[in-house]
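Chemist: Sharing a structure, written as structure tokens. Questions coming.
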Amino acid sequence: MTSSGKTAPVCGHLDQVRDVTPDSPDSCPECVARGDAWFHLRQCQICGHVGCCDSSQNKHASAHHAATGHPLIRSYEPGEGWWWCYDDQVAFEVEGSPPARAA
């Protein structure tokens, strides 16, 4: 809670979220280009970049954050609705925001 009695936002970067279009419907384009596999996908909520997770060999979602400074991703796995802020190091869900891809 803040001194005004309101709950503080879980992440200080939600004002950067944009209405994004994913740059891939179901794959990590950078892994595809390299002929590599990935485990799970993440979508940047600033520009729509789709990259593989940190459990994947290439960690393209984290590499995108490092290259661009874009702090917010969300799961791009079917049915998953959680988000992650690299800068605040926090996972959370956004009320009223359905998963990026239906289950």
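For the structure tokens, the naming scheme is as follows: chains receive sequential letters (A, B, ...) according to their order of presentation, residues are indexed from 1 within each chain, and ligands are indexed from 1 in presentation order.
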Which neighbours of region 38-41 of chain A fall inside 9 Å, counting only C-alpha atoms, when residues of the same chain fewer than 5 positions from it are skipped, and could you give them as a PyMOL selection string?
Modeler: chain A and resi 26-28+31+50-59+61+74-77
Chemist: How would the residues just picked look written out with N, CA and C atoms as a short mmCIF file (atom, residue, chain, number, x, y, z; two decimals), in the first residue's frame?
Modeler:
```cif
data_model
loop_
_atom_site.label_atom_id
_atom_site.label_comp_id
_atom_site.auth_asym_id
_atom_site.auth_seq_id
_atom_site.Cartn_x
_atom_site.Cartn_y
_atom_site.Cartn_z
N ASP A 26 3.86 -18.63 -33.75
CA ASP A 26 4.03 -19.83 -32.92
C ASP A 26 5.48 -20.33 -32.82
N SER A 27 6.45 -19.45 -33.06
CA SER A 27 7.84 -19.90 -33.02
C SER A 27 8.76 -18.74 -32.65
N CYS A 28 10.00 -19.08 -32.32
CA CYS A 28 11.04 -18.08 -32.11
C CYS A 28 11.73 -17.88 -33.45
N CYS A 31 15.49 -18.55 -33.51
CA CYS A 31 15.86 -19.97 -33.43
C CYS A 31 15.58 -20.67 -34.76
N VAL A 50 8.85 -11.84 -30.51
CA VAL A 50 8.67 -13.14 -29.90
C VAL A 50 10.04 -13.81 -29.82
N GLY A 51 10.40 -14.23 -28.61
CA GLY A 51 11.69 -14.88 -28.41
C GLY A 51 11.56 -16.04 -27.46
N CYS A 52 12.57 -16.88 -27.46
CA CYS A 52 12.57 -18.06 -26.59
C CYS A 52 12.96 -17.68 -25.16
N CYS A 53 12.54 -18.52 -24.23
CA CYS A 53 12.75 -18.27 -22.80
C CYS A 53 14.18 -18.59 -22.37
N ASP A 54 14.48 -18.31 -21.11
CA ASP A 54 15.82 -18.55 -20.58
C ASP A 54 16.14 -20.03 -20.38
N SER A 55 15.14 -20.90 -20.46
CA SER A 55 15.40 -22.34 -20.42
C SER A 55 15.84 -22.84 -21.79
N SER A 56 15.69 -22.02 -22.80
CA SER A 56 16.10 -22.37 -24.15
C SER A 56 17.58 -22.05 -24.34
N GLN A 57 18.20 -22.74 -25.25
CA GLN A 57 19.63 -22.58 -25.52
C GLN A 57 20.02 -21.13 -25.82
N ASN A 58 19.22 -20.43 -26.60
CA ASN A 58 19.62 -19.11 -27.09
C ASN A 58 19.10 -17.92 -26.29
N LYS A 59 18.09 -18.12 -25.47
CA LYS A 59 17.57 -17.06 -24.57
C LYS A 59 17.27 -15.77 -25.33
N ALA A 61 14.53 -14.01 -25.77
CA ALA A 61 13.72 -12.98 -25.11
C ALA A 61 14.60 -12.11 -24.22
N ARG A 74 5.51 -11.12 -21.77
CA ARG A 74 4.49 -12.00 -21.22
C ARG A 74 4.66 -13.36 -21.86
N SER A 75 4.14 -14.36 -21.17
CA SER A 75 4.21 -15.70 -21.73
C SER A 75 3.49 -15.71 -23.07
N TYR A 76 4.07 -16.38 -24.03
CA TYR A 76 3.43 -16.55 -25.34
C TYR A 76 3.07 -18.02 -25.54
N GLU A 77 2.95 -18.72 -24.42
CA GLU A 77 2.51 -20.11 -24.44
C GLU A 77 0.99 -20.15 -24.39
#
```
Chemist: If you count only C-alpha atoms, which residues fall within 7 Å of Cys11 (chain A), apart from same-chain ones fewer than 3 positions away, as a tab-separated table (two decimals) with N, CA, C and O atoms, in the first residue's frame?
Modeler:
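File written: part12.tsv
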```tsv
chain	number	residue	atom	x	y	z
A	14	LEU	N	4.43	-0.48	-16.51
A	14	LEU	CA	3.20	-0.77	-17.25
A	14	LEU	C	2.78	0.37	-18.17
A	14	LEU	O	2.07	0.14	-19.15
A	85	CYS	N	8.65	-8.57	-15.63
A	85	CYS	CA	9.37	-7.31	-15.81
A	85	CYS	C	10.84	-7.56	-15.51
A	85	CYS	O	11.19	-7.92	-14.38
A	88	ASP	N	12.21	-4.78	-12.90
A	88	ASP	CA	11.75	-4.93	-11.52
A	88	ASP	C	11.91	-6.36	-10.99
A	88	ASP	O	11.69	-6.61	-9.81
```
Chemist: DSSP on the backbone, strand (DSSP E or B) only: what residues of region 53-91 of chain A does that give? Format it as number ranges by chain.
Modeler: A: 72-75, 82-85, 90-91
Chemist: Got time to write the residues from that selection, C-alpha atoms, as a compact mmCIF listing (two decimals), in the first residue's frame?
Modeler:
```txt
# COMPACT_ATOMS: atom_id res chain seq x y z
CA LEU A 72 8.10 -6.21 -20.19
CA ILE A 73 7.37 -9.62 -21.63
CA ARG A 74 4.49 -12.00 -21.22
CA SER A 75 4.21 -15.70 -21.73
CA TRP A 82 1.60 -14.23 -16.69
CA TRP A 83 3.95 -11.30 -17.37
CA TRP A 84 7.57 -10.60 -16.34
CA CYS A 85 9.37 -7.31 -15.81
CA VAL A 90 8.83 -9.55 -10.83
CA ALA A 91 6.26 -11.91 -12.32
```
Chemist: Please extract the residues of region 32-68 of chain A with a backbone DSSP assignment of helix (DSSP H, G or I) and present them as a ChimeraX atom specification.
Modeler: /A:32-34,60-68
Chemist: Which residue is closest to Pro71 (chain A)? Choose from A:Asp15, A:Glu93, A:Asp87, A:Glu30 and count only C-alpha atoms.
Modeler: A:Asp87
Chemist: Might you pull out every residue within 9 Å of His64 (chain A), with only C-alpha atoms counted and same-chain residues fewer than 6 positions away left off, and present them as a ChimeraX atom specification?
Modeler: /A:44,49,51,70
Chemist: Could you dump the residues just selected with N, CA and C atoms as a PDB file, in the first residue's frame?
Modeler:
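As a result, again17.pdb now contains:
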```pdb
ATOM      1  N   CYS A  44       7.452  -9.635 -26.229  1.00  0.00           N
ATOM      2  CA  CYS A  44       7.723  -8.290 -25.731  1.00  0.00           C
ATOM      3  C   CYS A  44       6.436  -7.466 -25.809  1.00  0.00           C
ATOM      4  N   HIS A  49       8.086  -8.398 -30.301  1.00  0.00           N
ATOM      5  CA  HIS A  49       9.112  -9.417 -30.564  1.00  0.00           C
ATOM      6  C   HIS A  49       8.760 -10.708 -29.827  1.00  0.00           C
ATOM      7  N   GLY A  51      10.398 -14.228 -28.613  1.00  0.00           N
ATOM      8  CA  GLY A  51      11.687 -14.876 -28.415  1.00  0.00           C
ATOM      9  C   GLY A  51      11.561 -16.043 -27.464  1.00  0.00           C
ATOM     10  N   HIS A  70      13.719  -2.986 -23.516  1.00  0.00           N
ATOM     11  CA  HIS A  70      12.283  -3.202 -23.322  1.00  0.00           C
ATOM     12  C   HIS A  70      12.090  -4.089 -22.093  1.00  0.00           C
TER      13      HIS A  70
END
```
Chemist: Determine the nearest neighbour of Pro98 (chain A) from the options A:Arg42, A:Asp23, A:Tyr86, A:Glu80, counting only C-alpha atoms.
Modeler: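 With only C-alpha atoms as the atom set, the closest residue is A:Glu80.
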Chemist: Using only C-alpha atoms, which of A:Ser62, A:Ile46, A:Gly79, A:Ala102 sits nearest His13 (chain A)?
Modeler: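 The closest residue to His13 (chain A) is A:Ile46.
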Chemist: Could you tell me how far CA of Ala67 (chain A) lies from CA of Ala100 (chain A), in Å and to one decimal?
Modeler: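 Computing it gives 23.0 Å between the two atoms.
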Chemist: Separation of CA of Val94 (chain A) and CA of Val10 (chain A), in Å?
Modeler: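 Between CA of Val94 (chain A) and CA of Val10 (chain A) the gap is 9.7 Å.
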Chemist: Can you list, as a compact mmCIF listing (two decimals) with C-alpha atoms, in the first residue's frame, every protein, DNA or RNA residue that comes within 7 Å of Val20 (chain A) when you count only C-alpha atoms, leaving out same-chain residues fewer than 3 positions away?
Modeler:
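Result file follows (around.txt):
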```txt
# COMPACT_ATOMS: atom_id res chain seq x y z
CA GLN A 45 4.89 -5.99 -24.69
CA ILE A 46 6.64 -2.93 -26.09
CA CYS A 47 7.26 -4.04 -29.69
CA GLY A 48 5.80 -7.54 -30.21
```
